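Q: Compact mmCIF, C-alpha atoms and all ligand atoms, file query-v2.txt:
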```
# COMPACT_ATOMS: atom_id res chain seq x y z
CA ASP H 1 13.60 -14.65 4.41
CA ARG H 2 10.38 -13.85 6.27
CA SER H 3 11.31 -10.23 7.00
CA LEU H 4 9.93 -7.51 4.78
CA LEU H 5 12.39 -4.64 4.77
CA GLY H 6 11.63 -3.14 1.37
CA LEU H 7 10.32 -3.80 -2.12
CA LYS H 8 13.52 -2.88 -3.94
CA GLU H 9 14.97 -6.26 -3.03
CA LEU H 10 11.75 -8.27 -3.31
CA SER H 11 11.12 -10.20 -6.53
CA ARG H 12 8.12 -9.58 -8.73
CA ASP H 13 6.91 -13.12 -7.99
CA GLU H 14 7.06 -12.56 -4.24
CA ILE H 15 5.15 -9.28 -4.55
CA GLU H 16 2.56 -10.97 -6.73
CA SER H 17 2.11 -13.79 -4.26
CA ILE H 18 1.47 -11.27 -1.43
CA LEU H 19 -1.11 -9.45 -3.59
CA ASN H 20 -2.82 -12.74 -4.43
CA ARG H 21 -2.88 -13.84 -0.82
CA ALA H 22 -4.36 -10.44 0.15
CA ALA H 23 -7.16 -11.08 -2.38
CA HIS H 24 -7.81 -14.38 -0.60
CA TRP H 25 -8.07 -12.59 2.74
CA GLU H 26 -10.26 -9.84 1.33
CA ALA H 27 -12.69 -12.45 -0.01
CA GLN H 28 -12.77 -14.26 3.35
CA LYS H 29 -16.19 -13.74 4.96
CA GLU H 30 -15.11 -14.73 8.47
CA LYS H 31 -13.60 -11.78 10.28
CA LEU H 32 -11.50 -13.98 12.57
CA VAL H 33 -9.44 -16.84 11.08
CA PRO H 34 -6.96 -17.72 13.83
CA VAL H 35 -4.11 -19.20 11.78
CA LEU H 36 -1.59 -17.26 13.92
CA GLU H 37 -3.26 -18.16 17.21
CA SER H 38 -0.15 -19.10 19.17
CA HIS H 39 2.05 -16.40 17.69
CA PHE H 40 3.12 -13.20 19.41
CA VAL H 41 3.84 -10.02 17.47
CA ALA H 42 5.11 -6.66 18.72
CA ASN H 43 4.15 -3.49 16.89
CA MET H 44 7.00 -1.10 17.59
CA PHE H 45 6.29 2.44 16.48
CA PHE H 46 9.14 4.90 17.09
CA GLU H 47 7.26 7.42 14.94
CA ASN H 48 3.58 8.33 14.96
CA SER H 49 1.02 6.49 12.86
CA THR H 50 -2.72 5.98 12.58
CA ARG H 51 -3.37 3.88 9.45
CA THR H 52 -0.32 1.64 9.49
CA ARG H 53 -0.40 0.93 13.22
CA PHE H 54 -4.10 0.14 13.39
CA SER H 55 -4.30 -1.82 10.16
CA PHE H 56 -1.38 -4.00 11.29
CA GLU H 57 -3.17 -4.54 14.60
CA MET H 58 -6.46 -5.28 12.81
CA ALA H 59 -4.69 -7.72 10.47
CA GLU H 60 -2.83 -9.47 13.30
CA LYS H 61 -5.98 -9.79 15.44
CA ARG H 62 -8.03 -11.08 12.49
CA LEU H 63 -5.42 -13.86 12.16
CA GLY H 64 -5.68 -14.60 15.88
CA ALA H 65 -2.16 -13.42 16.82
CA GLN H 66 -1.34 -12.12 20.29
CA VAL H 67 -0.51 -8.45 19.83
CA LEU H 68 1.86 -6.34 21.93
CA ASN H 69 1.79 -2.64 21.20
CA PHE H 70 4.88 -0.60 21.89
CA THR H 71 4.89 3.19 21.66
CA ALA H 72 8.21 4.97 22.08
CA ALA H 73 6.69 7.86 24.08
CA ALA H 74 5.43 5.45 26.78
CA SER H 75 8.60 3.33 26.95
CA SER H 76 12.16 3.35 28.28
CA VAL H 77 13.23 5.01 25.00
CA GLU H 78 12.26 8.15 26.93
CA LYS H 79 15.07 7.24 29.38
CA GLY H 80 17.54 6.93 26.53
CA GLU H 81 17.26 3.23 25.67
CA SER H 82 18.28 2.58 22.07
CA ILE H 83 16.16 1.12 19.29
CA TYR H 84 18.44 -1.92 19.21
CA ASP H 85 18.10 -2.61 22.95
CA THR H 86 14.35 -2.14 22.74
CA VAL H 87 13.98 -4.69 19.94
CA ARG H 88 16.38 -7.13 21.65
CA THR H 89 14.35 -6.77 24.85
CA LEU H 90 11.12 -7.76 23.11
CA GLU H 91 12.91 -10.53 21.24
CA SER H 92 14.24 -11.98 24.48
CA MET H 93 10.70 -12.08 25.86
CA GLY H 94 9.70 -14.39 23.03
CA ILE H 95 7.98 -12.43 20.26
CA ASP H 96 7.71 -14.27 16.93
CA ALA H 97 7.84 -11.14 14.73
CA GLY H 98 8.19 -7.39 15.01
CA VAL H 99 6.55 -4.63 13.02
CA ILE H 100 8.68 -1.53 13.20
CA ARG H 101 8.46 2.13 12.18
CA LEU H 102 11.57 4.27 12.52
CA LYS H 103 12.40 7.94 11.97
CA PRO H 104 15.90 7.43 10.51
CA SER H 105 16.65 5.67 7.20
CA GLY H 106 19.10 2.78 7.10
CA VAL H 107 18.86 1.67 10.75
CA LEU H 108 16.39 -1.11 10.00
CA GLN H 109 18.80 -3.02 7.73
CA GLN H 110 21.43 -3.11 10.48
CA LEU H 111 18.83 -4.10 13.07
CA ALA H 112 17.55 -6.97 10.94
CA GLN H 113 21.07 -8.41 10.74
CA LYS H 114 21.37 -8.45 14.53
CA VAL H 115 18.04 -9.96 15.59
CA ASN H 116 16.63 -13.40 14.89
CA VAL H 117 12.90 -12.65 14.57
CA PRO H 118 11.38 -11.52 11.25
CA LEU H 119 11.01 -7.74 11.06
CA VAL H 120 8.37 -5.99 8.96
CA ASN H 121 9.08 -2.43 7.89
CA ALA H 122 6.17 -0.11 8.73
CA GLY H 123 8.08 2.90 7.31
CA ASP H 124 11.76 3.82 7.80
CA GLY H 125 12.70 7.47 7.29
CA ASN H 126 12.45 8.37 3.62
CA ASN H 127 13.71 4.92 2.55
CA GLU H 128 10.78 2.50 2.15
CA HIS H 129 7.21 1.87 3.26
CA PRO H 130 6.69 -1.54 1.66
CA THR H 131 3.23 -2.40 3.00
CA GLN H 132 1.90 0.99 1.85
CA ALA H 133 3.17 0.35 -1.68
CA LEU H 134 1.78 -3.19 -1.62
CA LEU H 135 -1.66 -1.85 -0.74
CA ASP H 136 -1.24 0.80 -3.42
CA LEU H 137 -0.41 -1.83 -6.07
CA TYR H 138 -3.31 -3.93 -4.84
CA THR H 139 -5.64 -0.91 -5.21
CA MET H 140 -4.37 -0.25 -8.76
CA ARG H 141 -4.68 -3.90 -9.73
CA LYS H 142 -8.28 -3.93 -8.49
CA ALA H 143 -9.07 -0.86 -10.57
CA PHE H 144 -7.30 -1.85 -13.80
CA GLY H 145 -6.83 -5.64 -13.67
CA GLU H 146 -3.08 -5.45 -14.28
CA LEU H 147 -0.17 -3.12 -13.61
CA LYS H 148 1.76 -3.55 -16.84
CA GLY H 149 1.66 -0.40 -18.98
CA LEU H 150 -0.17 1.70 -16.36
CA ARG H 151 0.91 5.32 -16.31
CA VAL H 152 1.35 6.29 -12.66
CA SER H 153 2.18 9.88 -11.70
CA ILE H 154 3.49 10.45 -8.19
CA ILE H 155 3.04 14.11 -7.31
CA GLY H 156 4.37 16.15 -4.39
CA ASP H 157 6.99 15.75 -1.70
CA ILE H 158 9.10 13.08 -3.43
CA LEU H 159 12.21 14.09 -1.46
CA HIS H 160 10.86 12.90 1.88
CA SER H 161 8.66 10.12 0.59
CA ARG H 162 9.28 6.47 1.41
CA VAL H 163 5.92 5.82 -0.27
CA ALA H 164 7.22 7.19 -3.59
CA ARG H 165 10.36 5.06 -3.38
CA SER H 166 8.59 1.79 -2.53
CA ASN H 167 6.01 2.42 -5.27
CA LEU H 168 8.72 3.22 -7.81
CA TRP H 169 10.70 0.03 -7.13
CA ALA H 170 7.63 -2.19 -7.14
CA LEU H 171 5.73 -0.65 -10.05
CA GLN H 172 8.75 -0.82 -12.36
CA LYS H 173 9.06 -4.57 -11.72
CA PHE H 174 5.57 -4.90 -13.22
CA GLY H 175 6.24 -2.72 -16.28
CA ALA H 176 4.27 0.34 -15.12
CA ASP H 177 5.34 3.77 -16.44
CA VAL H 178 6.18 5.87 -13.36
CA ARG H 179 6.58 9.65 -13.48
CA PHE H 180 7.30 12.15 -10.74
CA CYS H 181 6.12 15.73 -10.40
CA ALA H 182 7.40 18.00 -7.65
CA PRO H 183 8.54 21.55 -6.96
CA GLN H 184 12.33 21.90 -7.13
CA THR H 185 12.64 21.90 -3.32
CA MET H 186 10.81 18.56 -3.04
CA GLN H 187 12.61 16.64 -5.78
CA ALA H 188 14.95 13.74 -4.97
CA PRO H 189 17.77 14.12 -7.51
CA GLU H 190 18.97 10.51 -7.07
CA LEU H 191 15.62 9.21 -8.34
CA ALA H 192 15.76 11.17 -11.62
CA GLU H 193 17.70 8.35 -13.33
CA HIS H 194 14.84 5.95 -12.51
CA ALA H 195 11.81 8.02 -13.49
CA PRO H 196 11.39 11.42 -15.20
CA TYR H 197 10.17 14.57 -13.49
CA VAL H 198 7.36 16.14 -15.53
CA GLY H 199 5.17 19.23 -15.19
CA LEU H 200 1.78 19.05 -13.49
CA GLU H 201 -0.32 19.16 -16.66
CA GLU H 202 1.59 16.20 -18.08
CA ALA H 203 1.43 14.41 -14.72
CA ILE H 204 -2.34 14.54 -14.40
CA ASP H 205 -2.68 12.88 -17.82
CA ALA H 206 -2.26 9.42 -16.27
CA ASP H 207 -4.12 6.29 -15.20
CA VAL H 208 -3.18 6.85 -11.57
CA VAL H 209 -2.63 10.24 -9.99
CA MET H 210 -0.96 9.59 -6.66
CA MET H 211 -0.74 12.70 -4.51
CA LEU H 212 1.74 12.78 -1.61
CA ARG H 213 1.51 14.55 1.71
CA VAL H 214 3.70 17.60 2.17
CA GLN H 215 5.79 16.35 5.11
CA LEU H 216 6.08 19.58 7.05
CA GLU H 217 7.76 17.77 9.97
CA ARG H 218 10.69 16.71 7.75
CA HIS H 219 11.33 20.08 6.06
CA LYS H 220 14.36 21.49 7.88
CA HIS H 221 13.86 25.08 6.75
CA GLY H 222 10.09 25.10 6.48
CA LEU H 223 8.10 25.22 3.28
CA ILE H 224 9.36 27.67 0.71
CA THR H 225 5.81 28.18 -0.51
CA SER H 226 2.64 28.79 1.47
CA ALA H 227 -0.12 26.17 1.56
CA GLU H 228 -2.15 28.34 -0.85
CA ASP H 229 0.77 28.64 -3.22
CA TYR H 230 1.41 24.88 -3.10
CA ARG H 231 -2.27 24.16 -3.85
CA GLU H 232 -2.23 26.59 -6.76
CA HIS H 233 0.86 25.05 -8.38
CA TYR H 234 0.79 21.38 -7.31
CA GLY H 235 -2.61 20.67 -5.72
CA LEU H 236 -5.26 18.42 -7.21
CA THR H 237 -7.92 21.12 -7.20
CA GLU H 238 -11.54 20.51 -8.19
CA GLU H 239 -10.79 22.23 -11.50
CA ARG H 240 -7.83 19.95 -12.28
CA ALA H 241 -9.72 16.86 -11.11
CA SER H 242 -12.53 17.75 -13.54
CA ARG H 243 -10.04 17.46 -16.41
CA LEU H 244 -8.80 13.94 -15.55
CA LYS H 245 -9.66 11.09 -17.93
CA PRO H 246 -12.88 9.38 -16.76
CA SER H 247 -10.90 6.20 -15.99
CA THR H 248 -8.18 7.94 -13.90
CA ILE H 249 -8.07 7.06 -10.23
CA ILE H 250 -6.84 9.39 -7.49
CA MET H 251 -4.73 8.04 -4.66
CA HIS H 252 -3.01 9.44 -1.56
CA PRO H 253 -1.35 7.43 1.24
CA ALA H 254 -2.90 9.81 3.83
CA PRO H 255 -3.03 11.61 6.14
CA VAL H 256 -4.21 14.20 3.58
CA ASN H 257 -3.70 17.91 4.10
CA ARG H 258 -7.13 18.71 2.68
CA ASN H 259 -7.18 21.76 0.37
CA VAL H 260 -3.39 21.63 0.08
CA GLU H 261 -2.50 18.44 -1.86
CA VAL H 262 -6.10 17.51 -2.70
CA ASP H 263 -9.25 19.65 -2.55
CA ASP H 264 -11.78 18.64 0.07
CA ALA H 265 -14.46 17.68 -2.49
CA VAL H 266 -11.98 15.56 -4.47
CA VAL H 267 -10.91 13.42 -1.47
CA GLU H 268 -14.24 11.59 -1.45
CA SER H 269 -15.14 11.94 -5.14
CA ALA H 270 -15.99 8.91 -7.31
CA ALA H 271 -12.48 8.82 -8.79
CA SER H 272 -10.81 8.81 -5.38
CA ARG H 273 -9.49 5.55 -3.93
CA ILE H 274 -8.13 7.17 -0.77
CA PHE H 275 -10.45 5.38 1.70
CA PRO H 276 -10.43 2.09 -0.28
CA GLN H 277 -6.60 2.22 0.02
CA MET H 278 -7.02 2.20 3.81
CA ALA H 279 -9.43 -0.74 3.60
CA ASN H 280 -7.00 -2.64 1.37
CA GLY H 281 -4.25 -2.17 3.94
CA VAL H 282 -5.83 -4.79 6.19
CA PRO H 283 -5.79 -7.82 3.79
CA ILE H 284 -2.34 -6.77 2.57
CA ARG H 285 -1.00 -6.76 6.13
CA MET H 286 -2.74 -10.07 6.85
CA ALA H 287 -0.81 -11.56 3.91
CA VAL H 288 2.45 -9.98 5.12
CA MET H 289 2.06 -11.16 8.73
CA GLU H 290 1.12 -14.64 7.62
CA ARG H 291 4.24 -14.72 5.44
CA ALA H 292 6.34 -13.51 8.39
CA MET H 293 5.10 -16.03 10.93
CA LYS H 294 3.14 -19.00 9.62
CA LEU H 295 5.07 -22.27 9.58
N1 LIG H 301 -0.15 6.10 5.16
C1 LIG H 301 0.43 6.01 6.37
O1 LIG H 301 1.53 5.43 6.55
O2 LIG H 301 -0.29 6.59 7.38
P1 LIG H 301 0.12 6.62 8.93
O3 LIG H 301 1.36 7.47 9.04
O4 LIG H 301 -1.06 7.19 9.66
O5 LIG H 301 0.43 5.20 9.33
```
Written as structure tokens, that's how I'd like the structure from this file.
A:
Amino acid sequence: DRSLLGLKELSRDEIESILNRAAHWEAQKEKLVPVLESHFVANMFFENSTRTRFSFEMAEKRLGAQVLNFTAAASSVEKGESIYDTVRTLESMGIDAGVIRLKPSGVLQQLAQKVNVPLVNAGDGNNEHPTQALLDLYTMRKAFGELKGLRVSIIGDILHSRVARSNLWALQKFGADVRFCAPQTMQAPELAEHAPYVGLEEAIDADVVMMLRVQLERHKHGLITSAEDYREHYGLTEERASRLKPSTIIMHPAPVNRNVEVDDAVVESAASRIFPQMANGVPIRMAVMERAMKL
């Protein structure tokens, strides 16, 4: 199957082969290698994005694909057209693959069963964000050589995080030790059987400290705490960052709420891999699009 709907169902070998292929693309000196020259891909974002949308477009263009960009706000979705009819419309015009980001969870699985082109998940609700986790694993592997035995703490808004879920499923396939840390209101109880929730002091004693964005747009009743209160109890402040092991790396999928999840000075500190994560998104998405479309 050339679709990439999530990492929960993807084998360790398949994940590894995507990471290895991304390393090939990262090492490639030529910016344009048109192996997907005669292929058409539609990027269909029904929810806003900067990193994912542009790094998919960058990846697709570097492989020479013809790129169609769809944005819900400028489409007939505004007239009430459904997600299904939108994807079927683009499919009937002859696209070879679709990259799709959706607000609700679960819709993508149903959609993939009804269309014939490969679909690549660019984030669906709080379910999965597989290419983000792939670039995260790639970033960790670059820093530490291997994933087995790595202690990875995922800190923050676990409840709403597709990034946390995709990382959990993938990292555990490689034998990493995943822990969560979150205020009560941001915990996902169904994940507790897969990884323990620990306090912040225990969480920052790790090889990888992955901070998550507080997803204000998904909190139905608003944040219980203020931004200052969140920073004080769960933020990676300069003081906490100064106590990390010298080998610990700091990650965040971004966008970062600076001085809430991570202090301003920590975002671009030596231990931070936040901007390298964004750079790594391009070779990862090149590998994913090649897998989706190349004969
Ligand atoms: N990390 C991430 O998915 O960012 P965007 O929402 O900007 O794509």
Q: Produce as number ranges by chain the set of residues near ligand LIG 301 (chain H), where near means within 7 Å with all atoms listed in the file considered.
A: H: 48-53, 132, 253-255
Q: Would you pick out the contacts of H:Met44 at 8 Å or less, using all atoms listed in the file, so that residues sharing its chain but fewer than 4 positions from it are not included, and give the list as a CSV table (one decimal) with C-alpha atoms, in the frame of the given file?
A:
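The result, stored in out-v6.csv:
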```csv
chain,number,residue,atom,x,y,z
H,69,ASN,CA,1.8,-2.6,21.2
H,70,PHE,CA,4.9,-0.6,21.9
H,71,THR,CA,4.9,3.2,21.7
H,72,ALA,CA,8.2,5.0,22.1
H,98,GLY,CA,8.2,-7.4,15.0
H,99,VAL,CA,6.6,-4.6,13.0
H,100,ILE,CA,8.7,-1.5,13.2
H,101,ARG,CA,8.5,2.1,12.2
```
Q: Report, in Å with one decimal, the straight-line distance from atom CA of H:Thr248 to atom CA of H:Arg285.
A: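 Computing it gives 25.9 Å between the two atoms.
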Q: Give me the residues within 7 Å of H:Leu135 as a PyMOL selection string, counting all atoms listed in the file and dropping any in the same chain fewer than 3 places off.
A: chain H and resi 131-132+138-139+277+280-281+284
Q: For H:Leu108, list every protein, DNA or RNA residue within 12 Å, evaluated using all atoms listed in the file, and leave out those in the same chain fewer than 2 positions away; present the list as number ranges by chain.
A: H: 3-6, 46, 83-84, 87, 98-106, 110-115, 118-125, 127-129
